[in-house]
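Structure file protein.pdb (PDB, C-alpha atoms) follows.
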ATOM      1  CA  MET X   1      16.968  -2.853 -35.667
ATOM      2  CA  PRO X   2      20.781  -3.207 -35.447
ATOM      3  CA  MET X   3      22.157  -3.516 -31.923
ATOM      4  CA  LYS X   4      24.027  -0.199 -32.249
ATOM      5  CA  ASN X   5      20.759   1.601 -33.040
ATOM      6  CA  ARG X   6      19.036  -0.098 -30.103
ATOM      7  CA  LEU X   7      21.742   1.068 -27.724
ATOM      8  CA  VAL X   8      21.577   4.648 -28.999
ATOM      9  CA  VAL X   9      17.788   4.732 -28.661
ATOM     10  CA  LEU X  10      18.032   3.130 -25.218
ATOM     11  CA  PHE X  11      20.726   5.559 -24.032
ATOM     12  CA  TYR X  12      18.706   8.668 -24.891
ATOM     13  CA  ALA X  13      15.613   7.034 -23.415
ATOM     14  CA  VAL X  14      17.376   6.376 -20.100
ATOM     15  CA  LEU X  15      18.398  10.042 -20.006
ATOM     16  CA  ALA X  16      14.791  11.053 -20.680
ATOM     17  CA  GLY X  17      13.513   8.881 -17.864
ATOM     18  CA  ALA X  18      16.065  10.469 -15.520
ATOM     19  CA  ALA X  19      15.076  13.967 -16.695
ATOM     20  CA  ILE X  20      11.400  13.361 -15.958
ATOM     21  CA  ALA X  21      12.382  11.914 -12.583
ATOM     22  CA  PHE X  22      14.288  15.140 -11.903
ATOM     23  CA  GLY X  23      11.105  17.103 -12.605
ATOM     24  CA  GLY X  24       9.231  14.785 -10.249
ATOM     25  CA  LEU X  25      11.895  15.324  -7.594
ATOM     26  CA  LEU X  26      11.466  19.107  -7.828
ATOM     27  CA  PHE X  27       7.727  18.612  -7.384
ATOM     28  CA  LEU X  28       8.253  16.486  -4.260
ATOM     29  CA  LEU X  29      10.725  18.961  -2.793
ATOM     30  CA  SER X  30       8.208  21.764  -3.176
ATOM     31  CA  LYS X  31       5.508  19.642  -1.515
ATOM     32  CA  ALA X  32       7.849  18.858   1.373
ATOM     33  CA  PHE X  33       9.422  22.213   2.130
ATOM     34  CA  ILE X  34       6.997  24.961   1.081
ATOM     35  CA  PRO X  35       4.880  25.890   4.132
ATOM     36  CA  ALA X  36       1.156  25.168   4.087
ATOM     37  CA  ASP X  37       0.444  28.861   4.759
ATOM     38  CA  SER X  38       2.530  30.011   1.771
ATOM     39  CA  PRO X  39       0.714  32.614  -0.384
ATOM     40  CA  VAL X  40       1.470  30.428  -3.404
ATOM     41  CA  PRO X  41       0.362  26.789  -2.860
ATOM     42  CA  SER X  42       3.109  24.189  -2.957
ATOM     43  CA  GLN X  43       1.082  22.227  -5.519
ATOM     44  CA  LEU X  44       1.258  25.172  -7.926
ATOM     45  CA  ILE X  45       4.964  25.807  -7.354
ATOM     46  CA  GLY X  46       5.705  22.123  -7.852
ATOM     47  CA  ALA X  47       3.624  22.094 -11.017
ATOM     48  CA  LEU X  48       5.615  25.029 -12.401
ATOM     49  CA  LEU X  49       8.920  23.340 -11.554
ATOM     50  CA  PHE X  50       8.063  19.908 -12.975
ATOM     51  CA  PRO X  51       8.297  21.030 -16.674
ATOM     52  CA  VAL X  52      12.066  21.454 -16.217
ATOM     53  CA  GLY X  53      12.267  17.721 -16.902
ATOM     54  CA  LEU X  54      10.495  17.933 -20.259
ATOM     55  CA  LEU X  55      12.480  21.021 -21.254
ATOM     56  CA  LEU X  56      15.654  18.987 -20.734
ATOM     57  CA  VAL X  57      14.177  16.232 -22.893
ATOM     58  CA  CYS X  58      13.266  18.655 -25.674
ATOM     59  CA  TYR X  59      16.470  20.707 -25.772
ATOM     60  CA  PHE X  60      18.798  17.709 -25.553
ATOM     61  CA  LYS X  61      16.689  15.620 -27.969
ATOM     62  CA  MET X  62      16.149  12.723 -25.574
ATOM     63  CA  ASN X  63      13.726   9.876 -26.242
ATOM     64  CA  LEU X  64      10.594  10.153 -24.093
ATOM     65  CA  TYR X  65       7.817   7.646 -24.759
ATOM     66  CA  THR X  66       4.970  10.088 -24.149
ATOM     67  CA  GLY X  67       6.680  12.614 -26.411
ATOM     68  CA  LYS X  68       7.216  10.106 -29.242
ATOM     69  CA  ILE X  69       4.128   7.884 -29.311
ATOM     70  CA  GLY X  70       1.763  10.517 -30.739
ATOM     71  CA  MET X  71       3.809  11.126 -33.887
ATOM     72  CA  ALA X  72       5.502   7.723 -34.114
ATOM     73  CA  PHE X  73       3.275   6.229 -36.808
ATOM     74  CA  ARG X  74       3.896   9.058 -39.256
ATOM     75  CA  ASN X  75       7.566   9.550 -38.498
ATOM     76  CA  LYS X  76       9.227   9.544 -41.920
ATOM     77  CA  LYS X  77      12.713   9.330 -40.401
ATOM     78  CA  LEU X  78      11.877   5.867 -39.067
ATOM     79  CA  ASP X  79      10.728   4.735 -42.500
ATOM     80  CA  LYS X  80      13.918   6.007 -44.141
ATOM     81  CA  LYS X  81      16.072   4.193 -41.593
ATOM     82  CA  GLY X  82      14.014   1.023 -41.902
ATOM     83  CA  LEU X  83      13.211   0.996 -38.200
ATOM     84  CA  ASN X  84      10.230  -0.910 -36.832
ATOM     85  CA  VAL X  85       8.073   1.608 -34.961
ATOM     86  CA  PHE X  86       6.885  -0.879 -32.339
ATOM     87  CA  GLU X  87      10.411  -2.039 -31.508
ATOM     88  CA  TRP X  88      11.570   1.587 -31.436
ATOM     89  CA  LEU X  89       8.829   2.487 -28.943
ATOM     90  CA  PHE X  90       9.587  -0.591 -26.834
ATOM     91  CA  TRP X  91      13.245   0.388 -26.403
ATOM     92  CA  ILE X  92      12.236   3.955 -25.575
ATOM     93  CA  LEU X  93       9.755   2.833 -22.921
ATOM     94  CA  LEU X  94      12.298   0.390 -21.482
ATOM     95  CA  GLY X  95      14.940   3.111 -21.297
ATOM     96  CA  ASN X  96      12.505   5.552 -19.686
ATOM     97  CA  ALA X  97      11.702   2.929 -17.050
ATOM     98  CA  ILE X  98      15.387   2.291 -16.327
ATOM     99  CA  GLY X  99      16.152   6.001 -15.962
ATOM    100  CA  ALA X 100      13.103   6.831 -13.861
ATOM    101  CA  PHE X 101      13.463   3.793 -11.594
ATOM    102  CA  ALA X 102      17.189   4.394 -11.117
ATOM    103  CA  ILE X 103      16.639   7.947  -9.864
ATOM    104  CA  GLY X 104      13.671   6.734  -7.834
ATOM    105  CA  LEU X 105      15.757   4.077  -6.084
ATOM    106  CA  ILE X 106      18.413   6.662  -5.225
ATOM    107  CA  VAL X 107      15.716   8.873  -3.686
ATOM    108  CA  PHE X 108      14.270   5.849  -1.853
ATOM    109  CA  ALA X 109      17.680   5.098  -0.346
ATOM    110  CA  PHE X 110      17.957   8.714   0.769
ATOM    111  CA  THR X 111      14.558   8.584   2.510
ATOM    112  CA  GLN X 112      15.770   5.679   4.660
ATOM    113  CA  ILE X 113      18.103   8.044   6.491
ATOM    114  CA  ASP X 114      15.093   9.607   8.198
ATOM    115  CA  VAL X 115      11.759   8.036   7.279
ATOM    116  CA  ASN X 116       9.862  10.638   9.302
ATOM    117  CA  SER X 117      11.285  13.727   7.601
ATOM    118  CA  ALA X 118       8.974  16.012   5.620
ATOM    119  CA  PHE X 119      10.666  14.968   2.384
ATOM    120  CA  SER X 120      10.390  11.238   3.119
ATOM    121  CA  LEU X 121       6.705  11.577   3.980
ATOM    122  CA  ALA X 122       6.048  13.465   0.721
ATOM    123  CA  VAL X 123       7.870  10.746  -1.234
ATOM    124  CA  PHE X 124       6.009   7.888   0.471
ATOM    125  CA  SER X 125       2.675   9.643  -0.058
ATOM    126  CA  ALA X 126       3.343  10.056  -3.782
ATOM    127  CA  GLY X 127       4.321   6.396  -4.097
ATOM    128  CA  GLU X 128       1.323   5.088  -2.174
ATOM    129  CA  ALA X 129      -1.074   7.166  -4.271
ATOM    130  CA  ARG X 130       0.126   5.269  -7.342
ATOM    131  CA  ALA X 131       0.342   1.824  -5.785
ATOM    132  CA  ALA X 132      -3.296   1.088  -5.066
ATOM    133  CA  PRO X 133      -5.335   2.010  -8.146
ATOM    134  CA  LEU X 134      -7.993  -0.611  -7.476
ATOM    135  CA  GLU X 135      -8.598   0.424  -3.868
ATOM    136  CA  GLY X 136      -7.948   4.158  -4.227
ATOM    137  CA  MET X 137      -8.447   5.992  -7.495
ATOM    138  CA  PRO X 138     -11.164   4.280  -9.594
ATOM    139  CA  ILE X 139     -10.083   2.758 -12.902
ATOM    140  CA  PHE X 140     -12.245   5.205 -14.878
ATOM    141  CA  GLU X 141     -10.689   8.214 -13.129
ATOM    142  CA  MET X 142      -7.190   6.865 -13.695
ATOM    143  CA  SER X 143      -7.963   6.238 -17.341
ATOM    144  CA  TYR X 144      -9.251   9.686 -18.229
ATOM    145  CA  LYS X 145      -6.480  11.378 -16.237
ATOM    146  CA  SER X 146      -3.928   9.336 -18.180
ATOM    147  CA  ILE X 147      -5.560  10.151 -21.526
ATOM    148  CA  LEU X 148      -5.670  13.880 -20.793
ATOM    149  CA  CYS X 149      -2.053  13.772 -19.648
ATOM    150  CA  GLY X 150      -0.986  12.116 -22.903
ATOM    151  CA  ALA X 151      -2.775  14.804 -24.910
ATOM    152  CA  LEU X 152      -1.146  17.612 -22.919
ATOM    153  CA  VAL X 153       2.351  16.163 -23.291
ATOM    154  CA  TYR X 154       1.730  15.884 -27.034
ATOM    155  CA  ALA X 155       0.637  19.534 -27.061
ATOM    156  CA  ALA X 156       3.800  20.590 -25.225
ATOM    157  CA  ILE X 157       6.024  18.753 -27.723
ATOM    158  CA  TYR X 158       4.002  20.169 -30.616
ATOM    159  CA  PHE X 159       4.431  23.750 -29.402
ATOM    160  CA  PHE X 160       8.149  23.236 -28.781
ATOM    161  CA  ASN X 161       8.672  21.943 -32.315
ATOM    162  CA  ARG X 162       6.467  24.501 -34.060
ATOM    163  CA  LEU X 163       7.537  27.705 -32.304
ATOM    164  CA  ASP X 164      10.805  29.389 -33.260
ATOM    165  CA  ALA X 165      11.563  31.734 -30.354
ATOM    166  CA  HIS X 166      12.997  30.100 -27.257
ATOM    167  CA  PHE X 167      10.622  32.075 -25.046
ATOM    168  CA  GLY X 168       7.673  30.631 -26.952
ATOM    169  CA  LYS X 169       9.119  27.126 -26.772
ATOM    170  CA  VAL X 170       9.578  27.344 -23.002
ATOM    171  CA  ILE X 171       6.106  28.772 -22.375
ATOM    172  CA  GLY X 172       4.620  26.234 -24.789
ATOM    173  CA  VAL X 173       6.055  23.438 -22.663
ATOM    174  CA  ILE X 174       5.446  24.922 -19.223
ATOM    175  CA  ILE X 175       1.731  25.732 -19.584
ATOM    176  CA  PRO X 176       0.360  22.288 -20.616
ATOM    177  CA  ILE X 177       2.773  20.354 -18.392
ATOM    178  CA  ALA X 178       2.178  22.510 -15.317
ATOM    179  CA  PHE X 179      -1.550  22.208 -15.957
ATOM    180  CA  PHE X 180      -1.527  18.405 -15.980
ATOM    181  CA  VAL X 181       0.668  18.237 -12.870
ATOM    182  CA  TYR X 182      -1.488  20.709 -10.955
ATOM    183  CA  CYS X 183      -4.648  18.811 -11.896
ATOM    184  CA  GLY X 184      -3.165  15.485 -10.828
ATOM    185  CA  PHE X 185      -3.221  13.849 -14.246
ATOM    186  CA  GLN X 186      -1.255  10.611 -14.607
ATOM    187  CA  HIS X 187       2.073  10.387 -16.483
ATOM    188  CA  CYS X 188       3.522   6.894 -16.819
ATOM    189  CA  VAL X 189       7.226   7.804 -16.665
ATOM    190  CA  ALA X 190       6.789  10.216 -13.761
ATOM    191  CA  ASN X 191       4.803   7.519 -11.962
ATOM    192  CA  MET X 192       7.648   5.047 -12.476
ATOM    193  CA  PHE X 193       9.814   7.472 -10.517
ATOM    194  CA  TYR X 194       7.220   8.062  -7.772
ATOM    195  CA  ILE X 195       6.611   4.331  -7.321
ATOM    196  CA  ALA X 196      10.331   3.522  -7.071
ATOM    197  CA  ALA X 197      11.063   6.495  -4.795
ATOM    198  CA  GLY X 198       8.203   5.587  -2.477
ATOM    199  CA  GLY X 199       9.118   1.906  -2.351
ATOM    200  CA  ALA X 200       5.621   1.118  -3.582
ATOM    201  CA  TRP X 201       6.468  -1.466  -6.243
ATOM    202  CA  GLY X 202       4.135  -4.430  -6.552
ATOM    203  CA  LEU X 203       1.335  -5.922  -8.627
ATOM    204  CA  SER X 204      -1.056  -3.046  -7.960
ATOM    205  CA  SER X 205       1.456  -0.402  -8.990
ATOM    206  CA  PHE X 206       2.237  -2.460 -12.114
ATOM    207  CA  VAL X 207      -1.460  -2.379 -13.045
ATOM    208  CA  HIS X 208      -1.411   1.363 -12.472
ATOM    209  CA  LEU X 209       1.519   1.792 -14.854
ATOM    210  CA  LEU X 210      -0.133  -0.303 -17.559
ATOM    211  CA  ILE X 211      -3.251   1.860 -17.394
ATOM    212  CA  CYS X 212      -1.119   5.003 -17.507
ATOM    213  CA  ILE X 213       0.895   3.812 -20.513
ATOM    214  CA  LEU X 214      -2.264   2.921 -22.420
ATOM    215  CA  GLY X 215      -4.031   6.145 -21.468
ATOM    216  CA  ASN X 216      -1.039   8.354 -22.292
ATOM    217  CA  SER X 217      -0.734   6.616 -25.658
ATOM    218  CA  LEU X 218      -4.410   7.045 -26.514
ATOM    219  CA  GLY X 219      -4.388  10.713 -25.522
ATOM    220  CA  ALA X 220      -1.347  11.516 -27.641
ATOM    221  CA  LEU X 221      -2.589   9.535 -30.655
ATOM    222  CA  ALA X 222      -6.042  11.129 -30.468
ATOM    223  CA  LEU X 223      -4.608  14.660 -30.454
ATOM    224  CA  ASP X 224      -2.278  13.726 -33.295
ATOM    225  CA  LEU X 225      -5.292  12.798 -35.413
ATOM    226  CA  PHE X 226      -6.760  16.223 -34.743
ATOM    227  CA  VAL X 227      -3.506  17.973 -35.644
ATOM    228  CA  LYS X 228      -3.019  15.814 -38.733
ATOM    229  CA  TYR X 229      -6.396  16.746 -40.214
ATOM    230  CA  GLU X 230      -6.612  20.344 -38.996
TER     231      GLU X 230
END
File written out as structure tokens:
Amino acid sequence: MPMKNRLVVLFYAVLAGAAIAFGGLLFLLSKAFIPADSPVPSQLIGALLFPVGLLLVCYFKMNLYTGKIGMAFRNKKLDKKGLNVFEWLFWILLGNAIGAFAIGLIVFAFTQIDVNSAFSLAVFSAGEARAAPLEGMPIFEMSYKSILCGALVYAAIYFFNRLDAHFGKVIGVIIPIAFFVYCGFQHCVANMFYIAAGGAWGLSSFVHLLICILGNSLGALALDLFVKYE
């Protein structure tokens, strides 16, 4: 892949990582500032706000790994351009990581102003939950939550691409994405943001991300097989 093409792919991937981080930030803000006695749970409000990130990705045609992996191996545009699919996916994932971590580090710096604030505690809690997969969430649970997340992100992208009306596109993205967030499924790029924001980087969080990347990939590829032969 020519260097110019790499930089273009990387640029739109960095933007995608930042967009997903923005969705994660909205989720954390809802967790921090919506009262526990609210008639609508903060988890649900945060889940409904999180899809803003993917809508930005879709409308501005950014490169998101979990949105590309499912259809990558039958992408005719890549074949016509002579692009290697594995290298293409690598640069996308790298860019997503840069964008998500960059926004996460900015949020982490902000939490240091008052580490005991409601927002800081919500951020630290989200980071810690993704930093100890071996001691906390069992590997099996992490795996199936990552696989289901990958399938739901694929579904959201599929609906966005197939539906013509903007209302249908928006609803087609919001429903599956809000569902996976509300259920606590695991999204690798969002978790990159949570880990960086919570200052929870380390070997354990790296293992968590590897499991998430693999699970998201398997979920998207499995649903693509179903769609391909429907």
Of the candidates X:Ile106, X:Ile213, X:Leu148, X:Leu203, which one gets nearest to Asn191 (chain X) if we count only C-alpha atoms?
->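 Between X:Ile106, X:Ile213, X:Leu148, X:Leu203, the residue approaching Asn191 (chain X) most closely is X:Ile213.
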List the neighbours of Leu29 (chain X) out to 12 Å using all atoms listed in the file; skip same-chain residues closer than 5 positions along the sequence, and give me the result as a ChimeraX atom specification.
-> /X:22-24,34-35,42-43,45-47,49-50,107,117-123,126
Explicit residue set for the PyMOL selection byres ((chain X and resi 18) around 8), as a list in words | Val14, Leu15, Ala16, Gly17, Ala19, Ile20, Ala21, Phe22, Asn96, Gly99, Ala100, Ala102 and Ile103 of chain X
Which residue of X:Ala197, X:Arg74, X:His187, X:Asp164 approaches Ala109 (chain X) most closely, using all atoms listed in the file | X:Ala197
Each side padded by 3 Å, which centre and which edge lengths in Å (one decimal) define the axis-aligned box around the listed atoms of region 163-177 of chain X? Give them as lines of an AutoDock Vina configuration file.
center_x = 6.7
center_y = 26.2
center_z = -25.8
size_x = 18.6
size_y = 17.7
size_z = 20.9
Counting only C-alpha atoms, figure out which residue out of X:Pro176, X:Gly202, X:Gly95, X:Gly215 gets nearest to Glu141 (chain X).
->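 Distance minimum relative to Glu141 (chain X) lands on X:Gly215.
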Atom-to-atom span, CA of Ile195 (chain X) and CA of Gly127 (chain X), Å | 4.5 Å
Run the PyMOL selection byres ((chain X and resi 151) around 10) on the file and write out the hits as an MDAnalysis selection string.
-> chainID X and resid 66:67 70 146:150 152:156 176 180 215:224
List, as a list in words, every residue that the PyMOL selection byres ((chain X and resi 204-209) around 6) selects in the file provided.
->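 Going through the file, the PyMOL selection byres ((chain X and resi 204-209) around 6) ends up selecting Ala131, Ala132, Pro133, Cys188, Trp201, Gly202, Leu203, Leu210, Ile211 and Cys212 of chain X.
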Take the point (11.0, 1.9, -22.4) as written in the file and pick out every residue within 10 Å of it, counting all atoms listed in the file; give the list as a PyMOL selection string.
-> chain X and resi 9-10+13-14+17+63-65+87-99+189
Produce a file of the selected residues containing C-alpha atoms, as an mmCIF file, keeping the file's coordinate frame.
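Generated file (result_33.cif):
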data_model
loop_
_atom_site.group_PDB
_atom_site.id
_atom_site.type_symbol
_atom_site.label_atom_id
_atom_site.label_comp_id
_atom_site.auth_asym_id
_atom_site.auth_seq_id
_atom_site.Cartn_x
_atom_site.Cartn_y
_atom_site.Cartn_z
ATOM 1 C CA VAL X 9 17.788 4.732 -28.661
ATOM 2 C CA LEU X 10 18.032 3.130 -25.218
ATOM 3 C CA ALA X 13 15.613 7.034 -23.415
ATOM 4 C CA VAL X 14 17.376 6.376 -20.100
ATOM 5 C CA GLY X 17 13.513 8.881 -17.864
ATOM 6 C CA ASN X 63 13.726 9.876 -26.242
ATOM 7 C CA LEU X 64 10.594 10.153 -24.093
ATOM 8 C CA TYR X 65 7.817 7.646 -24.759
ATOM 9 C CA GLU X 87 10.411 -2.039 -31.508
ATOM 10 C CA TRP X 88 11.570 1.587 -31.436
ATOM 11 C CA LEU X 89 8.829 2.487 -28.943
ATOM 12 C CA PHE X 90 9.587 -0.591 -26.834
ATOM 13 C CA TRP X 91 13.245 0.388 -26.403
ATOM 14 C CA ILE X 92 12.236 3.955 -25.575
ATOM 15 C CA LEU X 93 9.755 2.833 -22.921
ATOM 16 C CA LEU X 94 12.298 0.390 -21.482
ATOM 17 C CA GLY X 95 14.940 3.111 -21.297
ATOM 18 C CA ASN X 96 12.505 5.552 -19.686
ATOM 19 C CA ALA X 97 11.702 2.929 -17.050
ATOM 20 C CA ILE X 98 15.387 2.291 -16.327
ATOM 21 C CA GLY X 99 16.152 6.001 -15.962
ATOM 22 C CA VAL X 189 7.226 7.804 -16.665
#
Which residue gives the smallest distance to Phe167 (chain X) among X:Met192, X:Val8, X:Val85, X:Leu55, with all atoms listed in the file counted?
-> X:Leu55
